[in-house]
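Worksheet: the structure to be examined is printed underneath.
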Amino acid sequence: MGADLHDIRYVRMGTDNLDDCVQYATEILGLELVRREAGAAYLRGDNRDHNVVYTHGRAAGHVVGFELPSMDALDRAASEFENAEIDVKYGTSTEREQRRVGGLITIKDPTGNIIDLVARPAASGKRYYGTRDAGITSFSHVGLRTSDSKTDEAFWTTWLSAKVSDWIGDAPLLRIDDVHHKVALFPSSFPGVQHVNFQVESHDDIMRSYYFLKKKNVRLAFGPGRHPTSGARFLYFYGPDEMIYEYSTGVRLITEEDEKTYVPRQFPMTSSSFCMWGAEPDIAEFKSEKEPATHAA
Ligand SMILES: [Fe+2]
């Protein structure tokens, strides 16, 4: 029912500080600037056309793009959403050209997170070449904000082909392919992207970036640490507009074979559910309201 998501594709984030975002993304995060066009900047951390777009004006909010396997699948999803009276916005030719996709529809989840569903997005024949050697291998997942995690979880699992891999408190970690999670929904009072994840090649890259970011006086948010849920080693840090970025490596895969016996686990909303090494998050959505506020750095 609804859309069978093939993969996460991009995130678009409105900003009032386009130049700062581009400078941060290239010099700190390690992305490659692909183009600046119509007041927006397109960047990438893998061999797809782009993964991160900074758009003009913070009021534009955040959009997460997912790829469907074909134009037919996109058409079918659109009519199923319409039959269920889920609002569908059809992308204009200008919007499709800007996103470098063949097909585009846009929907919202119950919280109001804006979700682009696309078909035939452009790959790039040119190898991704980062501005610094951060060891990035791919854009991999986002944390999204939810004002009602049970309702949003039901929407994502019913209409967007997601499966729950684990819960931390009320926050579901959702997979759409073998990777433990490509989306996670964190309780919040407003919609939008809560963090943006890039996979890096190894834990050496995590530690290299830890020292690099410290030297550059980047505000660290959490880690280095290891998630007991996905097994990934991670490092979270802040960028412009208080956006949180994450490098991680070694995420668990839940294959079709594993799915025959896999049951999602319920972790409590405590810092040890986010880090098995003992790091404390400086991230509001990762803290239980009952826990005293602690800061990692
Ligand atoms: Fe993450």
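Note on naming: chains are A, B, ... as they come in the structure tokens, residues start from 1 per chain, ligands start from 1 in the order shown.
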
Determine which residues of region 205-265 of chain A receive a DSSP assignment of strand (DSSP E), computed from the backbone, and state them as a PyMOL selection string. chain A and resi 220-226+233-238+244-249+265

Hey, what's within 12 Å of Gly192 (chain A) if we count only C-alpha atoms and toss same-chain stuff fewer than 4 positions away? As a VMD selection string, please? chain A and resid 11 to 14 58 to 64 108 to 109 111 to 115 142 to 147 184 to 188 196 243 to 244

Any chance you could export the current selection's N, CA, C and O atoms as a compact mmCIF listing (two decimals), in the first residue's frame?
# COMPACT_ATOMS: atom_id res chain seq x y z
N VAL A 11 18.20 15.50 1.06
CA VAL A 11 17.54 16.36 2.02
C VAL A 11 17.70 17.79 1.53
O VAL A 11 18.76 18.15 1.00
N ARG A 12 16.61 18.56 1.61
CA ARG A 12 16.63 19.97 1.22
C ARG A 12 16.35 20.79 2.47
O ARG A 12 15.36 20.52 3.17
N MET A 13 17.19 21.74 2.76
CA MET A 13 17.05 22.51 3.99
C MET A 13 17.11 23.99 3.68
O MET A 13 18.10 24.50 3.13
N GLY A 14 16.04 24.70 4.05
CA GLY A 14 15.99 26.14 3.84
C GLY A 14 16.91 26.84 4.84
O GLY A 14 16.98 26.45 6.00
N ARG A 58 15.08 30.23 5.37
CA ARG A 58 14.83 29.20 6.38
C ARG A 58 13.36 28.82 6.44
O ARG A 58 12.99 27.70 6.79
N ALA A 59 12.49 29.79 6.06
CA ALA A 59 11.04 29.55 6.12
C ALA A 59 10.63 28.41 5.18
O ALA A 59 9.55 27.83 5.35
N ALA A 60 11.47 28.09 4.19
CA ALA A 60 11.14 26.99 3.27
C ALA A 60 11.10 25.66 4.01
O ALA A 60 10.51 24.68 3.52
N GLY A 61 11.73 25.58 5.17
CA GLY A 61 11.69 24.34 5.96
C GLY A 61 12.56 23.25 5.35
O GLY A 61 13.49 23.52 4.57
N HIS A 62 12.27 22.02 5.73
CA HIS A 62 13.07 20.86 5.34
C HIS A 62 12.24 19.90 4.50
O HIS A 62 11.04 19.75 4.74
N VAL A 63 12.88 19.26 3.55
CA VAL A 63 12.23 18.24 2.71
C VAL A 63 13.17 17.04 2.64
O VAL A 63 14.38 17.21 2.47
N VAL A 64 12.62 15.84 2.78
CA VAL A 64 13.43 14.64 2.60
C VAL A 64 12.96 13.92 1.35
O VAL A 64 11.74 13.73 1.16
N LYS A 108 2.95 14.80 2.92
CA LYS A 108 3.40 15.11 4.28
C LYS A 108 3.02 13.96 5.20
O LYS A 108 1.96 13.34 4.99
N ASP A 109 3.85 13.71 6.22
CA ASP A 109 3.42 12.74 7.23
C ASP A 109 2.52 13.48 8.23
O ASP A 109 2.37 14.72 8.14
N THR A 111 2.82 14.55 11.20
CA THR A 111 3.46 15.68 11.89
C THR A 111 3.59 16.89 10.97
O THR A 111 3.64 18.03 11.42
N GLY A 112 3.70 16.64 9.66
CA GLY A 112 3.88 17.73 8.71
C GLY A 112 5.26 17.71 8.06
O GLY A 112 5.63 18.68 7.38
N ASN A 113 6.02 16.62 8.28
CA ASN A 113 7.31 16.50 7.57
C ASN A 113 7.04 16.39 6.08
O ASN A 113 6.19 15.59 5.65
N ILE A 114 7.77 17.17 5.28
CA ILE A 114 7.54 17.20 3.84
C ILE A 114 8.41 16.12 3.19
O ILE A 114 9.63 16.07 3.40
N ILE A 115 7.75 15.25 2.41
CA ILE A 115 8.42 14.09 1.83
C ILE A 115 8.27 14.12 0.32
O ILE A 115 7.15 14.06 -0.20
N VAL A 142 18.24 10.07 7.88
CA VAL A 142 17.91 11.30 8.60
C VAL A 142 17.15 10.94 9.87
O VAL A 142 16.43 9.94 9.92
N GLY A 143 17.32 11.78 10.88
CA GLY A 143 16.40 11.81 12.01
C GLY A 143 15.34 12.84 11.67
O GLY A 143 15.67 13.94 11.21
N LEU A 144 14.08 12.47 11.85
CA LEU A 144 12.99 13.42 11.61
C LEU A 144 12.28 13.68 12.93
O LEU A 144 12.26 12.84 13.82
N ARG A 145 11.69 14.85 13.03
CA ARG A 145 10.94 15.21 14.23
C ARG A 145 9.50 14.72 14.11
O ARG A 145 8.93 14.74 13.02
N THR A 146 8.96 14.28 15.22
CA THR A 146 7.56 13.84 15.24
C THR A 146 6.85 14.43 16.44
O THR A 146 7.40 14.42 17.54
N SER A 147 5.65 14.93 16.21
CA SER A 147 4.86 15.44 17.34
C SER A 147 3.95 14.35 17.89
O SER A 147 3.31 14.53 18.92
N ALA A 184 14.66 7.86 11.40
CA ALA A 184 14.29 7.67 12.80
C ALA A 184 13.41 8.84 13.18
O ALA A 184 13.61 9.96 12.70
N LEU A 185 12.40 8.58 13.99
CA LEU A 185 11.42 9.62 14.34
C LEU A 185 11.58 9.97 15.81
O LEU A 185 11.31 9.15 16.68
N PHE A 186 12.01 11.21 16.07
CA PHE A 186 12.27 11.63 17.45
C PHE A 186 11.21 12.62 17.92
O PHE A 186 10.97 13.63 17.25
N PRO A 187 10.58 12.32 19.07
CA PRO A 187 9.55 13.22 19.59
C PRO A 187 10.05 14.66 19.71
O PRO A 187 11.16 14.92 20.19
N SER A 188 9.23 15.59 19.23
CA SER A 188 9.60 17.00 19.15
C SER A 188 8.30 17.81 19.05
O SER A 188 7.23 17.24 18.87
N VAL A 196 21.30 14.72 10.10
CA VAL A 196 21.63 14.25 8.75
C VAL A 196 22.85 13.35 8.87
O VAL A 196 23.89 13.77 9.38
N MET A 243 21.68 22.77 12.93
CA MET A 243 21.46 21.44 12.37
C MET A 243 22.55 20.49 12.89
O MET A 243 23.70 20.89 13.05
N ILE A 244 22.15 19.26 13.16
CA ILE A 244 23.10 18.26 13.64
C ILE A 244 23.46 17.33 12.49
O ILE A 244 22.57 16.87 11.75

Near region 260-262 of chain A, counting only C-alpha atoms, which residues have an atom at most 12 Å away, once you skip same-chain residues fewer than 3 positions from it, shown as a ChimeraX atom specification? /A:163-166,180,253-257,265

Output of the above residues as a PDB file, in the first residue's frame, restricted to N, CA, C and O atoms:
ATOM      1  N   LYS A 163       9.748  -0.394   8.045  1.00  0.00           N
ATOM      2  CA  LYS A 163       9.599  -1.417   9.085  1.00  0.00           C
ATOM      3  C   LYS A 163      10.360  -0.951  10.312  1.00  0.00           C
ATOM      4  O   LYS A 163      11.443  -0.362  10.185  1.00  0.00           O
ATOM      5  N   VAL A 164       9.820  -1.242  11.485  1.00  0.00           N
ATOM      6  CA  VAL A 164      10.497  -0.845  12.715  1.00  0.00           C
ATOM      7  C   VAL A 164      11.650  -1.821  12.970  1.00  0.00           C
ATOM      8  O   VAL A 164      11.439  -3.037  13.010  1.00  0.00           O
ATOM      9  N   SER A 165      12.859  -1.283  13.131  1.00  0.00           N
ATOM     10  CA  SER A 165      14.001  -2.128  13.506  1.00  0.00           C
ATOM     11  C   SER A 165      14.152  -2.187  15.019  1.00  0.00           C
ATOM     12  O   SER A 165      14.438  -3.255  15.562  1.00  0.00           O
ATOM     13  N   ASP A 166      13.994  -1.060  15.687  1.00  0.00           N
ATOM     14  CA  ASP A 166      14.047  -0.984  17.149  1.00  0.00           C
ATOM     15  C   ASP A 166      13.331   0.291  17.566  1.00  0.00           C
ATOM     16  O   ASP A 166      13.111   1.186  16.749  1.00  0.00           O
ATOM     17  N   HIS A 180      19.827  -0.981   8.937  1.00  0.00           N
ATOM     18  CA  HIS A 180      19.044  -0.946  10.184  1.00  0.00           C
ATOM     19  C   HIS A 180      18.073   0.224  10.250  1.00  0.00           C
ATOM     20  O   HIS A 180      16.933   0.072  10.651  1.00  0.00           O
ATOM     21  N   LEU A 253      22.992  -4.672   9.265  1.00  0.00           N
ATOM     22  CA  LEU A 253      22.049  -4.959   8.186  1.00  0.00           C
ATOM     23  C   LEU A 253      21.041  -6.000   8.669  1.00  0.00           C
ATOM     24  O   LEU A 253      21.402  -6.926   9.395  1.00  0.00           O
ATOM     25  N   ILE A 254      19.797  -5.809   8.293  1.00  0.00           N
ATOM     26  CA  ILE A 254      18.761  -6.802   8.578  1.00  0.00           C
ATOM     27  C   ILE A 254      18.290  -7.304   7.216  1.00  0.00           C
ATOM     28  O   ILE A 254      17.540  -6.621   6.502  1.00  0.00           O
ATOM     29  N   THR A 255      18.788  -8.465   6.832  1.00  0.00           N
ATOM     30  CA  THR A 255      18.533  -8.987   5.491  1.00  0.00           C
ATOM     31  C   THR A 255      17.168  -9.671   5.438  1.00  0.00           C
ATOM     32  O   THR A 255      16.520  -9.886   6.466  1.00  0.00           O
ATOM     33  N   GLU A 256      16.750 -10.027   4.216  1.00  0.00           N
ATOM     34  CA  GLU A 256      15.478 -10.758   4.066  1.00  0.00           C
ATOM     35  C   GLU A 256      15.498 -12.034   4.875  1.00  0.00           C
ATOM     36  O   GLU A 256      14.487 -12.427   5.471  1.00  0.00           O
ATOM     37  N   GLU A 257      16.658 -12.696   4.915  1.00  0.00           N
ATOM     38  CA  GLU A 257      16.801 -13.926   5.698  1.00  0.00           C
ATOM     39  C   GLU A 257      16.620 -13.628   7.194  1.00  0.00           C
ATOM     40  O   GLU A 257      15.883 -14.325   7.899  1.00  0.00           O
ATOM     41  N   ARG A 265      13.407  -4.493  18.971  1.00  0.00           N
ATOM     42  CA  ARG A 265      13.650  -4.462  20.426  1.00  0.00           C
ATOM     43  C   ARG A 265      13.235  -3.103  20.986  1.00  0.00           C
ATOM     44  O   ARG A 265      13.394  -2.083  20.320  1.00  0.00           O
TER      45      ARG A 265
END

All helix (DSSP H, G or I) residues (DSSP, backbone) inside region 50-260 of chain A, as a PyMOL selection string: chain A and resi 58-60+71-83+93-99+149-159+203-215+240-242+256-259

Using Å and a single decimal, report how far CA of Gln98 (chain A) sits from CA of Phe81 (chain A). 24.2 Å

Quote the spacing between CA of Thr55 (chain A) and CA of Asp87 (chain A) in Å to one decimal place.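 Taking CA of Thr55 (chain A) as the start and CA of Asp87 (chain A) as the end point, the length is 23.3 Å.
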
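Using only C-alpha atoms and all ligand atoms, the smallest distance between any of A:Gly225, A:Gly169, A:Gly239, A:Gly65 and ligand 1 comes from A:Gly225.
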
With distances taken over only C-alpha atoms and all ligand atoms, which of A:Val263, A:Leu173, A:Val200, A:Val218 is nearest to ligand 1? A:Leu173

Taking only C-alpha atoms and all ligand atoms into account, list the residues no farther than 12 Å from ligand 1, as a PyMOL selection string. chain A and resi 139-144+172-174+179-186+193-199+221-223+225-227+229-237+244-249+251+274-275+283+285-286

Within 12 Å of Asp20 (chain A) using only C-alpha atoms, minus same-chain residues under 3 positions, as a list of chain:residue names: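 My reading of the contact set: A:Thr15, A:Asp16, A:Asn17, A:Gln23, A:Tyr24, A:Ala25, A:Thr26, A:Glu27, A:Ile28, A:Ala41, A:Tyr54, A:Gly239, A:Pro240, A:Asp241.
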
Calculated over only C-alpha atoms, which of the candidates A:Tyr210, A:Tyr128, A:Trp277, A:Phe66 has the smallest distance to Ala162 (chain A)?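 That would be A:Phe66, the residue with the smallest distance to Ala162 (chain A).
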
So the first atom is CA of Leu43 (chain A) and the second is CA of Leu117 (chain A); what is the distance between them in Å, to one decimal place?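 CA of Leu43 (chain A) sits 19.2 Å away from CA of Leu117 (chain A).
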
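Distance check against Tyr90 (chain A) using only C-alpha atoms: of A:Asp116, A:Glu242, A:Glu37, A:Asp7, the minimum falls on A:Asp116.
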
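Candidate residues A:Arg208, A:Lys150, A:Lys214, A:His56 were compared for distance to Arg132 (chain A), and the nearest is A:Arg208, using only C-alpha atoms.
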
Within 10 Å of Ile86 (chain A), counting only C-alpha atoms, which residues qualify if same-chain residues fewer than 4 places away don't, as a ChimeraX atom specification? /A:78-82,107-110,159

Which residues come within 8 Å of Asn47 (chain A), counting only C-alpha atoms, excluding same-chain residues fewer than 3 positions away, as a compact mmCIF listing (two decimals) with C-alpha atoms, in the first residue's frame?
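Once written, selection-v2.txt looks like this:
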# COMPACT_ATOMS: atom_id res chain seq x y z
CA ARG A 44 27.00 15.42 -2.47
CA ALA A 123 23.18 9.42 -11.02
CA SER A 124 26.56 11.00 -11.63
CA GLY A 125 29.21 9.57 -13.92
CA LYS A 126 31.80 11.50 -11.98
CA ARG A 127 33.27 10.05 -8.81
CA TYR A 128 32.44 11.97 -5.61
